[in-house]
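Data from data-v9.txt: compact mmCIF, N, CA and C atoms
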# COMPACT_ATOMS: atom_id res chain seq x y z
N MET A 24 55.17 -36.68 -34.75
CA MET A 24 54.64 -35.47 -35.35
C MET A 24 53.27 -35.19 -34.74
N SER A 25 53.05 -33.97 -34.34
CA SER A 25 51.75 -33.62 -33.78
C SER A 25 51.08 -32.59 -34.67
N SER A 26 49.78 -32.62 -34.68
CA SER A 26 49.03 -31.60 -35.40
C SER A 26 47.89 -31.13 -34.51
N LYS A 27 47.52 -29.89 -34.70
CA LYS A 27 46.41 -29.33 -33.95
C LYS A 27 45.20 -29.33 -34.86
N THR A 28 44.24 -30.17 -34.56
CA THR A 28 43.05 -30.30 -35.38
C THR A 28 41.84 -30.11 -34.48
N LYS A 29 40.90 -29.29 -34.97
CA LYS A 29 39.69 -29.03 -34.21
C LYS A 29 38.49 -29.14 -35.14
N ALA A 30 37.38 -29.64 -34.62
CA ALA A 30 36.15 -29.77 -35.40
C ALA A 30 35.03 -28.98 -34.72
N TYR A 31 34.18 -28.38 -35.55
CA TYR A 31 33.06 -27.57 -35.07
C TYR A 31 31.83 -27.92 -35.91
N PHE A 32 30.64 -27.73 -35.30
CA PHE A 32 29.41 -28.14 -35.97
C PHE A 32 28.33 -27.08 -35.83
N SER A 33 27.42 -27.06 -36.79
CA SER A 33 26.25 -26.20 -36.74
C SER A 33 25.02 -27.10 -36.90
N PRO A 34 23.82 -26.62 -36.56
CA PRO A 34 23.49 -25.23 -36.27
C PRO A 34 24.07 -24.77 -34.94
N GLY A 35 24.07 -23.46 -34.79
CA GLY A 35 24.68 -22.82 -33.65
C GLY A 35 25.86 -21.99 -34.13
N ASP A 36 26.52 -21.32 -33.22
CA ASP A 36 27.56 -20.37 -33.61
C ASP A 36 28.97 -20.92 -33.53
N ASP A 37 29.15 -22.22 -33.27
CA ASP A 37 30.50 -22.75 -33.13
C ASP A 37 31.33 -22.59 -34.40
N CYS A 38 30.79 -22.95 -35.55
CA CYS A 38 31.53 -22.81 -36.82
C CYS A 38 31.83 -21.33 -37.10
N LEU A 39 30.80 -20.52 -37.00
CA LEU A 39 30.96 -19.08 -37.24
C LEU A 39 32.02 -18.50 -36.32
N ASN A 40 31.93 -18.79 -35.03
CA ASN A 40 32.87 -18.22 -34.08
C ASN A 40 34.30 -18.65 -34.37
N HIS A 41 34.48 -19.88 -34.83
CA HIS A 41 35.84 -20.33 -35.15
C HIS A 41 36.37 -19.62 -36.40
N ILE A 42 35.52 -19.46 -37.39
CA ILE A 42 35.93 -18.71 -38.59
C ILE A 42 36.32 -17.29 -38.19
N LEU A 43 35.51 -16.65 -37.39
CA LEU A 43 35.81 -15.28 -36.95
C LEU A 43 37.09 -15.23 -36.12
N GLU A 44 37.28 -16.21 -35.26
CA GLU A 44 38.50 -16.28 -34.45
C GLU A 44 39.75 -16.36 -35.34
N LEU A 45 39.69 -17.19 -36.38
CA LEU A 45 40.83 -17.32 -37.28
C LEU A 45 41.07 -16.04 -38.08
N ILE A 46 40.00 -15.43 -38.59
CA ILE A 46 40.16 -14.19 -39.35
C ILE A 46 40.69 -13.09 -38.45
N ASN A 47 40.10 -12.94 -37.28
CA ASN A 47 40.51 -11.87 -36.37
C ASN A 47 41.92 -12.07 -35.83
N GLY A 48 42.37 -13.31 -35.74
CA GLY A 48 43.72 -13.60 -35.24
C GLY A 48 44.78 -13.65 -36.32
N CYS A 49 44.38 -13.48 -37.56
CA CYS A 49 45.32 -13.54 -38.67
C CYS A 49 46.30 -12.37 -38.59
N GLU A 50 47.57 -12.66 -38.88
CA GLU A 50 48.60 -11.62 -38.82
C GLU A 50 49.09 -11.17 -40.18
N ASN A 51 49.13 -12.09 -41.17
CA ASN A 51 49.75 -11.75 -42.45
C ASN A 51 48.88 -11.96 -43.68
N SER A 52 48.29 -13.15 -43.79
CA SER A 52 47.59 -13.46 -45.04
C SER A 52 46.40 -14.38 -44.83
N LEU A 53 45.38 -14.14 -45.66
CA LEU A 53 44.19 -14.99 -45.73
C LEU A 53 43.93 -15.30 -47.19
N ASP A 54 43.91 -16.56 -47.54
CA ASP A 54 43.46 -17.00 -48.85
C ASP A 54 42.15 -17.74 -48.62
N ILE A 55 41.07 -17.19 -49.17
CA ILE A 55 39.72 -17.69 -48.92
C ILE A 55 39.14 -18.19 -50.24
N CYS A 56 38.68 -19.42 -50.24
CA CYS A 56 38.09 -20.03 -51.43
C CYS A 56 36.76 -20.62 -51.00
N VAL A 57 35.68 -19.88 -51.26
CA VAL A 57 34.36 -20.29 -50.78
C VAL A 57 33.31 -20.07 -51.86
N PHE A 58 32.32 -20.93 -51.83
CA PHE A 58 31.20 -20.89 -52.76
C PHE A 58 30.50 -19.54 -52.70
N THR A 59 30.29 -19.05 -51.49
CA THR A 59 29.64 -17.76 -51.31
C THR A 59 29.95 -17.21 -49.92
N ILE A 60 29.78 -15.92 -49.76
CA ILE A 60 29.80 -15.27 -48.45
C ILE A 60 28.58 -14.36 -48.39
N SER A 61 27.70 -14.65 -47.45
CA SER A 61 26.54 -13.78 -47.27
C SER A 61 26.27 -13.50 -45.80
N ASP A 62 27.16 -13.95 -44.93
CA ASP A 62 27.03 -13.65 -43.50
C ASP A 62 27.82 -12.37 -43.25
N ASP A 63 27.11 -11.29 -42.92
CA ASP A 63 27.74 -9.98 -42.75
C ASP A 63 28.78 -9.97 -41.64
N ARG A 64 28.65 -10.86 -40.68
CA ARG A 64 29.65 -10.93 -39.60
C ARG A 64 30.99 -11.39 -40.14
N ILE A 65 30.96 -12.32 -41.07
CA ILE A 65 32.20 -12.78 -41.71
C ILE A 65 32.72 -11.69 -42.64
N ARG A 66 31.83 -11.08 -43.41
CA ARG A 66 32.24 -9.97 -44.30
C ARG A 66 32.94 -8.88 -43.50
N ASP A 67 32.36 -8.48 -42.38
CA ASP A 67 32.94 -7.40 -41.58
C ASP A 67 34.30 -7.79 -41.02
N ALA A 68 34.47 -9.03 -40.60
CA ALA A 68 35.77 -9.47 -40.09
C ALA A 68 36.82 -9.44 -41.20
N ILE A 69 36.44 -9.84 -42.41
CA ILE A 69 37.37 -9.80 -43.54
C ILE A 69 37.76 -8.35 -43.84
N ILE A 70 36.79 -7.46 -43.86
CA ILE A 70 37.07 -6.04 -44.12
C ILE A 70 38.00 -5.49 -43.04
N ASN A 71 37.74 -5.82 -41.79
CA ASN A 71 38.61 -5.35 -40.71
C ASN A 71 40.03 -5.87 -40.85
N ALA A 72 40.18 -7.13 -41.23
CA ALA A 72 41.51 -7.69 -41.45
C ALA A 72 42.21 -6.95 -42.59
N HIS A 73 41.46 -6.64 -43.64
CA HIS A 73 42.01 -5.89 -44.77
C HIS A 73 42.49 -4.50 -44.31
N ILE A 74 41.69 -3.84 -43.49
CA ILE A 74 42.06 -2.52 -42.95
C ILE A 74 43.33 -2.63 -42.11
N GLU A 75 43.51 -3.77 -41.43
CA GLU A 75 44.70 -3.99 -40.59
C GLU A 75 45.89 -4.48 -41.42
N ASN A 76 45.79 -4.37 -42.74
CA ASN A 76 46.88 -4.71 -43.68
C ASN A 76 47.18 -6.20 -43.79
N VAL A 77 46.21 -7.05 -43.51
CA VAL A 77 46.34 -8.47 -43.82
C VAL A 77 46.17 -8.61 -45.33
N SER A 78 47.05 -9.35 -45.96
CA SER A 78 46.94 -9.62 -47.39
C SER A 78 45.84 -10.66 -47.60
N ILE A 79 44.83 -10.30 -48.36
CA ILE A 79 43.67 -11.17 -48.54
C ILE A 79 43.41 -11.40 -50.02
N ARG A 80 43.14 -12.65 -50.37
CA ARG A 80 42.67 -13.01 -51.71
C ARG A 80 41.45 -13.90 -51.54
N ILE A 81 40.43 -13.66 -52.36
CA ILE A 81 39.19 -14.43 -52.28
C ILE A 81 38.86 -15.00 -53.66
N ILE A 82 38.49 -16.27 -53.68
CA ILE A 82 37.95 -16.92 -54.87
C ILE A 82 36.53 -17.35 -54.55
N SER A 83 35.60 -17.07 -55.47
CA SER A 83 34.20 -17.47 -55.26
C SER A 83 33.58 -17.90 -56.58
N ASP A 84 32.34 -18.32 -56.51
CA ASP A 84 31.61 -18.80 -57.68
C ASP A 84 30.86 -17.66 -58.36
N ASN A 85 30.92 -17.59 -59.66
CA ASN A 85 30.27 -16.49 -60.38
C ASN A 85 28.75 -16.48 -60.23
N ASP A 86 28.11 -17.64 -60.17
CA ASP A 86 26.65 -17.67 -60.04
C ASP A 86 26.18 -17.12 -58.70
N LYS A 87 26.99 -17.26 -57.67
CA LYS A 87 26.59 -16.81 -56.33
C LYS A 87 26.65 -15.29 -56.19
N LEU A 88 27.32 -14.61 -57.11
CA LEU A 88 27.36 -13.15 -57.08
C LEU A 88 25.97 -12.55 -57.18
N LYS A 89 25.08 -13.28 -57.86
CA LYS A 89 23.73 -12.78 -58.12
C LYS A 89 22.76 -13.02 -56.97
N ASP A 90 23.18 -13.81 -55.99
CA ASP A 90 22.30 -14.12 -54.87
C ASP A 90 22.04 -12.89 -54.02
N GLU A 91 20.81 -12.76 -53.56
CA GLU A 91 20.48 -11.68 -52.64
C GLU A 91 21.31 -11.84 -51.37
N GLY A 92 21.94 -10.77 -50.95
CA GLY A 92 22.74 -10.80 -49.74
C GLY A 92 24.19 -11.19 -49.94
N SER A 93 24.58 -11.50 -51.17
CA SER A 93 25.98 -11.87 -51.41
C SER A 93 26.90 -10.70 -51.07
N ASP A 94 27.96 -10.99 -50.35
CA ASP A 94 28.91 -9.97 -49.93
C ASP A 94 30.16 -9.92 -50.82
N ILE A 95 30.23 -10.73 -51.84
CA ILE A 95 31.43 -10.83 -52.67
C ILE A 95 31.75 -9.50 -53.37
N LYS A 96 30.76 -8.89 -53.99
CA LYS A 96 31.00 -7.60 -54.68
C LYS A 96 31.40 -6.52 -53.69
N GLU A 97 30.81 -6.52 -52.52
CA GLU A 97 31.16 -5.55 -51.48
C GLU A 97 32.62 -5.69 -51.08
N LEU A 98 33.07 -6.92 -50.90
CA LEU A 98 34.46 -7.16 -50.54
C LEU A 98 35.40 -6.68 -51.63
N ALA A 99 35.05 -6.93 -52.88
CA ALA A 99 35.87 -6.46 -54.00
C ALA A 99 35.89 -4.93 -54.04
N SER A 100 34.76 -4.32 -53.75
CA SER A 100 34.68 -2.85 -53.81
C SER A 100 35.54 -2.19 -52.73
N ARG A 101 35.91 -2.96 -51.70
CA ARG A 101 36.77 -2.44 -50.63
C ARG A 101 38.25 -2.58 -50.97
N GLY A 102 38.54 -3.07 -52.18
CA GLY A 102 39.94 -3.21 -52.60
C GLY A 102 40.53 -4.58 -52.32
N ILE A 103 39.72 -5.51 -51.89
CA ILE A 103 40.20 -6.88 -51.65
C ILE A 103 40.20 -7.61 -52.99
N PRO A 104 41.33 -8.20 -53.39
CA PRO A 104 41.36 -8.94 -54.65
C PRO A 104 40.41 -10.14 -54.61
N VAL A 105 39.49 -10.15 -55.56
CA VAL A 105 38.51 -11.23 -55.66
C VAL A 105 38.55 -11.77 -57.08
N LYS A 106 38.61 -13.07 -57.19
CA LYS A 106 38.50 -13.73 -58.49
C LYS A 106 37.32 -14.68 -58.45
N ILE A 107 36.71 -14.88 -59.61
CA ILE A 107 35.55 -15.76 -59.69
C ILE A 107 35.77 -16.83 -60.74
N ASP A 108 35.16 -17.96 -60.49
CA ASP A 108 35.16 -19.07 -61.43
C ASP A 108 34.08 -18.78 -62.47
N THR A 109 34.45 -18.78 -63.73
CA THR A 109 33.49 -18.49 -64.80
C THR A 109 33.15 -19.72 -65.64
N THR A 110 33.54 -20.90 -65.17
CA THR A 110 33.20 -22.11 -65.92
C THR A 110 31.70 -22.38 -65.75
N PRO A 111 31.13 -23.26 -66.57
CA PRO A 111 29.70 -23.58 -66.41
C PRO A 111 29.41 -24.43 -65.17
N TYR A 112 30.44 -24.77 -64.43
CA TYR A 112 30.28 -25.60 -63.23
C TYR A 112 30.50 -24.73 -61.99
N HIS A 113 30.13 -25.25 -60.84
CA HIS A 113 30.28 -24.49 -59.60
C HIS A 113 31.67 -24.68 -59.00
N MET A 114 32.23 -23.59 -58.51
CA MET A 114 33.40 -23.63 -57.65
C MET A 114 32.81 -23.75 -56.25
N HIS A 115 32.76 -24.96 -55.75
CA HIS A 115 31.97 -25.25 -54.56
C HIS A 115 32.83 -25.43 -53.30
N HIS A 116 34.11 -25.10 -53.39
CA HIS A 116 34.99 -25.23 -52.23
C HIS A 116 34.54 -24.35 -51.08
N LYS A 117 34.98 -24.74 -49.90
CA LYS A 117 34.79 -23.94 -48.69
C LYS A 117 36.04 -24.14 -47.86
N PHE A 118 37.09 -23.34 -48.16
CA PHE A 118 38.30 -23.44 -47.35
C PHE A 118 38.99 -22.09 -47.25
N MET A 119 39.83 -21.99 -46.22
CA MET A 119 40.58 -20.77 -45.97
C MET A 119 41.95 -21.19 -45.43
N ILE A 120 42.98 -20.46 -45.87
CA ILE A 120 44.33 -20.68 -45.39
C ILE A 120 44.75 -19.43 -44.63
N VAL A 121 45.13 -19.60 -43.37
CA VAL A 121 45.45 -18.50 -42.48
C VAL A 121 46.96 -18.46 -42.25
N ASP A 122 47.58 -17.36 -42.66
CA ASP A 122 49.02 -17.14 -42.45
C ASP A 122 49.88 -18.28 -42.99
N GLY A 123 49.37 -19.01 -43.98
CA GLY A 123 50.12 -20.11 -44.55
C GLY A 123 50.35 -21.27 -43.59
N LYS A 124 49.64 -21.28 -42.47
CA LYS A 124 49.88 -22.28 -41.42
C LYS A 124 48.66 -23.10 -41.05
N ILE A 125 47.49 -22.50 -41.14
CA ILE A 125 46.26 -23.15 -40.69
C ILE A 125 45.31 -23.27 -41.88
N THR A 126 44.75 -24.45 -42.05
CA THR A 126 43.73 -24.67 -43.06
C THR A 126 42.40 -24.90 -42.36
N LEU A 127 41.38 -24.17 -42.81
CA LEU A 127 40.01 -24.38 -42.35
C LEU A 127 39.24 -24.91 -43.55
N THR A 128 38.49 -25.98 -43.35
CA THR A 128 37.69 -26.54 -44.44
C THR A 128 36.48 -27.27 -43.85
N GLY A 129 35.57 -27.67 -44.68
CA GLY A 129 34.38 -28.39 -44.24
C GLY A 129 33.20 -28.05 -45.11
N SER A 130 32.05 -28.51 -44.70
CA SER A 130 30.83 -28.30 -45.49
C SER A 130 30.18 -26.95 -45.24
N TYR A 131 30.63 -26.25 -44.21
CA TYR A 131 29.97 -25.02 -43.75
C TYR A 131 29.96 -23.94 -44.82
N ASN A 132 28.76 -23.52 -45.21
CA ASN A 132 28.60 -22.37 -46.10
C ASN A 132 28.69 -21.10 -45.26
N TRP A 133 29.31 -20.07 -45.80
CA TRP A 133 29.54 -18.84 -45.04
C TRP A 133 28.31 -17.95 -45.14
N THR A 134 27.19 -18.49 -44.63
CA THR A 134 25.88 -17.84 -44.69
C THR A 134 25.23 -17.86 -43.30
N ARG A 135 24.24 -17.00 -43.11
CA ARG A 135 23.50 -17.01 -41.84
C ARG A 135 22.72 -18.31 -41.68
N SER A 136 22.19 -18.84 -42.77
CA SER A 136 21.42 -20.08 -42.69
C SER A 136 22.27 -21.23 -42.18
N ALA A 137 23.55 -21.23 -42.53
CA ALA A 137 24.44 -22.31 -42.06
C ALA A 137 24.53 -22.29 -40.55
N ALA A 138 24.62 -21.10 -39.97
CA ALA A 138 24.73 -20.99 -38.51
C ALA A 138 23.39 -21.27 -37.83
N ARG A 139 22.31 -20.82 -38.44
CA ARG A 139 21.00 -20.90 -37.78
C ARG A 139 20.31 -22.25 -37.94
N PHE A 140 20.44 -22.86 -39.12
CA PHE A 140 19.59 -24.01 -39.42
C PHE A 140 20.31 -25.28 -39.87
N ASN A 141 21.37 -25.14 -40.61
CA ASN A 141 21.94 -26.29 -41.33
C ASN A 141 22.84 -27.17 -40.46
N GLN A 142 22.84 -28.44 -40.79
CA GLN A 142 23.78 -29.40 -40.20
C GLN A 142 25.06 -29.33 -41.04
N GLU A 143 26.05 -28.62 -40.53
CA GLU A 143 27.29 -28.42 -41.28
C GLU A 143 28.48 -28.53 -40.34
N ASN A 144 29.68 -28.43 -40.91
CA ASN A 144 30.88 -28.56 -40.09
C ASN A 144 32.04 -27.79 -40.68
N VAL A 145 33.01 -27.47 -39.81
CA VAL A 145 34.34 -27.02 -40.24
C VAL A 145 35.37 -27.73 -39.38
N ILE A 146 36.52 -27.94 -39.98
CA ILE A 146 37.67 -28.40 -39.22
C ILE A 146 38.82 -27.46 -39.52
N SER A 147 39.64 -27.22 -38.54
CA SER A 147 40.87 -26.46 -38.78
C SER A 147 42.04 -27.36 -38.43
N LEU A 148 43.07 -27.26 -39.27
CA LEU A 148 44.23 -28.12 -39.13
C LEU A 148 45.50 -27.29 -39.19
N GLU A 149 46.40 -27.55 -38.29
CA GLU A 149 47.74 -27.00 -38.37
C GLU A 149 48.65 -28.16 -38.75
N GLU A 150 48.63 -28.47 -40.02
CA GLU A 150 49.34 -29.62 -40.56
C GLU A 150 49.99 -29.18 -41.86
N ASN A 151 51.31 -29.10 -41.89
CA ASN A 151 52.03 -28.54 -43.03
C ASN A 151 51.68 -29.20 -44.36
N VAL A 152 51.60 -30.52 -44.39
CA VAL A 152 51.33 -31.22 -45.64
C VAL A 152 49.95 -30.83 -46.18
N ILE A 153 48.96 -30.78 -45.31
CA ILE A 153 47.61 -30.41 -45.72
C ILE A 153 47.57 -28.97 -46.19
N THR A 154 48.15 -28.06 -45.41
CA THR A 154 48.12 -26.65 -45.76
C THR A 154 48.84 -26.42 -47.08
N THR A 155 49.96 -27.08 -47.30
CA THR A 155 50.68 -26.94 -48.57
C THR A 155 49.81 -27.41 -49.73
N SER A 156 49.10 -28.50 -49.58
CA SER A 156 48.20 -29.00 -50.64
C SER A 156 47.10 -28.00 -50.94
N PHE A 157 46.46 -27.48 -49.90
CA PHE A 157 45.41 -26.49 -50.11
C PHE A 157 45.98 -25.21 -50.72
N GLN A 158 47.15 -24.78 -50.27
CA GLN A 158 47.75 -23.56 -50.82
C GLN A 158 48.07 -23.74 -52.30
N ASN A 159 48.61 -24.89 -52.67
CA ASN A 159 48.91 -25.15 -54.07
C ASN A 159 47.64 -25.14 -54.91
N HIS A 160 46.58 -25.74 -54.39
CA HIS A 160 45.32 -25.76 -55.14
C HIS A 160 44.75 -24.34 -55.26
N PHE A 161 44.80 -23.59 -54.17
CA PHE A 161 44.33 -22.20 -54.22
C PHE A 161 45.10 -21.44 -55.29
N ASN A 162 46.41 -21.56 -55.32
CA ASN A 162 47.23 -20.84 -56.29
C ASN A 162 46.89 -21.24 -57.73
N GLU A 163 46.62 -22.52 -57.95
CA GLU A 163 46.21 -22.98 -59.29
C GLU A 163 44.88 -22.34 -59.69
N LEU A 164 43.92 -22.34 -58.77
CA LEU A 164 42.63 -21.72 -59.06
C LEU A 164 42.78 -20.22 -59.29
N TRP A 165 43.61 -19.58 -58.49
CA TRP A 165 43.82 -18.13 -58.62
C TRP A 165 44.28 -17.79 -60.03
N GLU A 166 45.14 -18.61 -60.59
CA GLU A 166 45.65 -18.37 -61.95
C GLU A 166 44.55 -18.57 -63.00
N LYS A 167 43.63 -19.48 -62.77
CA LYS A 167 42.58 -19.81 -63.74
C LYS A 167 41.37 -18.90 -63.67
N CYS A 168 41.10 -18.35 -62.51
CA CYS A 168 39.88 -17.57 -62.32
C CYS A 168 40.04 -16.14 -62.82
N VAL A 169 38.91 -15.45 -62.93
CA VAL A 169 38.85 -14.11 -63.53
C VAL A 169 38.67 -13.08 -62.43
N ARG A 170 39.43 -11.99 -62.53
CA ARG A 170 39.35 -10.90 -61.54
C ARG A 170 37.97 -10.25 -61.59
N LEU A 171 37.39 -10.06 -60.43
CA LEU A 171 36.11 -9.36 -60.32
C LEU A 171 36.40 -7.87 -60.19
N ASP A 172 36.00 -7.11 -61.17
CA ASP A 172 36.17 -5.66 -61.11
C ASP A 172 34.85 -5.04 -60.71
N THR A 173 34.94 -3.98 -59.90
CA THR A 173 33.71 -3.33 -59.45
C THR A 173 33.57 -1.94 -60.02

For this file, write the structure as structure tokens.
Amino acid sequence: MSSKTKAYFSPGDDCLNHILELINGCENSLDICVFTISDDRIRDAIINAHIENVSIRIISDNDKLKDEGSDIKELASRGIPVKIDTTPYHMHHKFMIVDGKITLTGSYNWTRSAARFNQENVISLEENVITTSFQNHFNELWEKCVRLDT
């Protein structure tokens, strides 16, 4: 059995570029579960994928909605389904499932600071068992979280 696994590190644009590559190359669906999105380059790629009829669902943390520069409300206002965790704890995940085939995960926050300053990482895996586990977890969270209305 072979799997395609790649690792990327920041600071620098390697993590960002890989995230953008996966979003821009997506054909059918993106399930995104991230603590926050405040990097406009990622926001714009998600919006473009949505315009190209990619089915997108986003889960994020309710406390991060209030952060200056948060793009979560903007994404919801564009018609992208967004749900938020309303528990007193943080939904601190950082993962994305692309076309049900590729899982991207790691410590990388989807922010400009992550690319410019922070020591962070992402890995992408084309491994069915891993992707199925992440997809099942995403679906469980999707059922528990609250729809963000704009």

Selection: 7 Å around range 99-106 of chain A, all atoms listed in the file, excl. self and same-chain fewer than 3 positions, as number ranges by chain
A: 79-84, 94-96, 165, 168-173

Please write the residues from the selection above to a file, keeping N, CA and C atoms, as a PDB file, in the frame of the given file.
ATOM      1  N   ILE A  79      44.830 -10.300 -48.360  1.00  0.00           N
ATOM      2  CA  ILE A  79      43.670 -11.170 -48.540  1.00  0.00           C
ATOM      3  C   ILE A  79      43.410 -11.400 -50.020  1.00  0.00           C
ATOM      4  N   ARG A  80      43.140 -12.650 -50.370  1.00  0.00           N
ATOM      5  CA  ARG A  80      42.670 -13.010 -51.710  1.00  0.00           C
ATOM      6  C   ARG A  80      41.450 -13.900 -51.540  1.00  0.00           C
ATOM      7  N   ILE A  81      40.430 -13.660 -52.360  1.00  0.00           N
ATOM      8  CA  ILE A  81      39.190 -14.430 -52.280  1.00  0.00           C
ATOM      9  C   ILE A  81      38.860 -15.000 -53.660  1.00  0.00           C
ATOM     10  N   ILE A  82      38.490 -16.270 -53.680  1.00  0.00           N
ATOM     11  CA  ILE A  82      37.950 -16.920 -54.870  1.00  0.00           C
ATOM     12  C   ILE A  82      36.530 -17.350 -54.550  1.00  0.00           C
ATOM     13  N   SER A  83      35.600 -17.070 -55.470  1.00  0.00           N
ATOM     14  CA  SER A  83      34.200 -17.470 -55.260  1.00  0.00           C
ATOM     15  C   SER A  83      33.580 -17.900 -56.580  1.00  0.00           C
ATOM     16  N   ASP A  84      32.340 -18.320 -56.510  1.00  0.00           N
ATOM     17  CA  ASP A  84      31.610 -18.800 -57.680  1.00  0.00           C
ATOM     18  C   ASP A  84      30.860 -17.660 -58.360  1.00  0.00           C
ATOM     19  N   ASP A  94      27.960 -10.990 -50.350  1.00  0.00           N
ATOM     20  CA  ASP A  94      28.910  -9.970 -49.930  1.00  0.00           C
ATOM     21  C   ASP A  94      30.160  -9.920 -50.820  1.00  0.00           C
ATOM     22  N   ILE A  95      30.230 -10.730 -51.840  1.00  0.00           N
ATOM     23  CA  ILE A  95      31.430 -10.830 -52.670  1.00  0.00           C
ATOM     24  C   ILE A  95      31.750  -9.500 -53.370  1.00  0.00           C
ATOM     25  N   LYS A  96      30.760  -8.890 -53.990  1.00  0.00           N
ATOM     26  CA  LYS A  96      31.000  -7.600 -54.680  1.00  0.00           C
ATOM     27  C   LYS A  96      31.400  -6.520 -53.690  1.00  0.00           C
ATOM     28  N   TRP A 165      43.610 -19.580 -58.490  1.00  0.00           N
ATOM     29  CA  TRP A 165      43.820 -18.130 -58.620  1.00  0.00           C
ATOM     30  C   TRP A 165      44.280 -17.790 -60.030  1.00  0.00           C
ATOM     31  N   CYS A 168      41.100 -18.350 -62.510  1.00  0.00           N
ATOM     32  CA  CYS A 168      39.880 -17.570 -62.320  1.00  0.00           C
ATOM     33  C   CYS A 168      40.040 -16.140 -62.820  1.00  0.00           C
ATOM     34  N   VAL A 169      38.910 -15.450 -62.930  1.00  0.00           N
ATOM     35  CA  VAL A 169      38.850 -14.110 -63.530  1.00  0.00           C
ATOM     36  C   VAL A 169      38.670 -13.080 -62.430  1.00  0.00           C
ATOM     37  N   ARG A 170      39.430 -11.990 -62.530  1.00  0.00           N
ATOM     38  CA  ARG A 170      39.350 -10.900 -61.540  1.00  0.00           C
ATOM     39  C   ARG A 170      37.970 -10.250 -61.590  1.00  0.00           C
ATOM     40  N   LEU A 171      37.390 -10.060 -60.430  1.00  0.00           N
ATOM     41  CA  LEU A 171      36.110  -9.360 -60.320  1.00  0.00           C
ATOM     42  C   LEU A 171      36.400  -7.870 -60.190  1.00  0.00           C
ATOM     43  N   ASP A 172      36.000  -7.110 -61.170  1.00  0.00           N
ATOM     44  CA  ASP A 172      36.170  -5.660 -61.110  1.00  0.00           C
ATOM     45  C   ASP A 172      34.850  -5.040 -60.710  1.00  0.00           C
ATOM     46  N   THR A 173      34.940  -3.980 -59.900  1.00  0.00           N
ATOM     47  CA  THR A 173      33.710  -3.330 -59.450  1.00  0.00           C
ATOM     48  C   THR A 173      33.570  -1.940 -60.020  1.00  0.00           C
TER      49      THR A 173
END

So which residues of range 56-90 of chain A fall under helix (DSSP H, G or I) by DSSP, listed as JSON, numbers by chain?
{"A": [63, 64, 65, 66, 67, 68, 69, 70, 71, 72, 73, 74, 86, 87, 88, 89]}

Report, in Å with one decimal, the straight-line distance from atom C of Ser93 in chain A to CA of Glu50 in chain A.
24.9 Å

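Put simply, CA of Val121 in chain A is 23.0 Å away from CA of Gly35 in chain A.
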
CA of His113 in chain A to atom C of Leu39 in chain A, straight-line distance in Å
24.1 Å

Please provide as a PyMOL selection string all residues within 12 Å of Val152 in chain A, with the sequence filter that same-chain residues fewer than 2 positions apart are discarded (counting only C-alpha atoms).
chain A and resi 24+26+123-126+148-150+154-159

As a PyMOL selection string, please: every residue in chain A that DSSP puts in strand (DSSP E or B).
chain A and resi 27-33+52-57+60+78-84+105-108+117-121+125-128+133+143-149+169-170

Selected residue of minimal separation from Thr110 in chain A among A:Thr134, A:Asn85, A:Thr59, A:Gln142, counting only C-alpha atoms
A:Asn85

Around range 31-47 of chain A, with edges along x, y and z and 4 Å added on all six sides, what centre and edge lengths do you get, in Å to one decimal, as AutoDock Vina command-line options?
--center_x 32.7 --center_y -20.1 --center_z -36.2 --size_x 26.4 --size_y 24.5 --size_z 14.2

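Minimum atom-to-atom distance to Phe140 in chain A, evaluated using only N, CA and C atoms, belongs to A:Ser33 out of A:Ser61, A:Asn51, A:Asn162, A:Ser33.
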
Please determine, counting only C-alpha atoms, which residue among A:His160, A:Lys27, A:Arg135, A:His41 has the shortest atom-to-atom distance to His116 in chain A.
A:His160

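Distances to Leu127 in chain A were evaluated for A:Arg139, A:Cys56, A:Pro34, A:Asp63 using only C-alpha atoms, and the minimum falls at A:Cys56.
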
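Between Leu98 in chain A and the candidates A:Ile69, A:Ile153, A:Ile46, A:Ala138, the tightest atom-to-atom separation, counting only N, CA and C atoms, involves A:Ile69.
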
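Nearest to Ser130 in chain A of all the residues A:Ala68, A:Ile55, A:Ile42, A:Ile146 is A:Ile146, counting only C-alpha atoms.
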
Using all atoms listed in the file, what residues lie at most 5 Å away from (37.1, -25.6, -44.5) (file coordinates), given as a VMD selection string?
chain A and resid 117 to 119 127 to 129
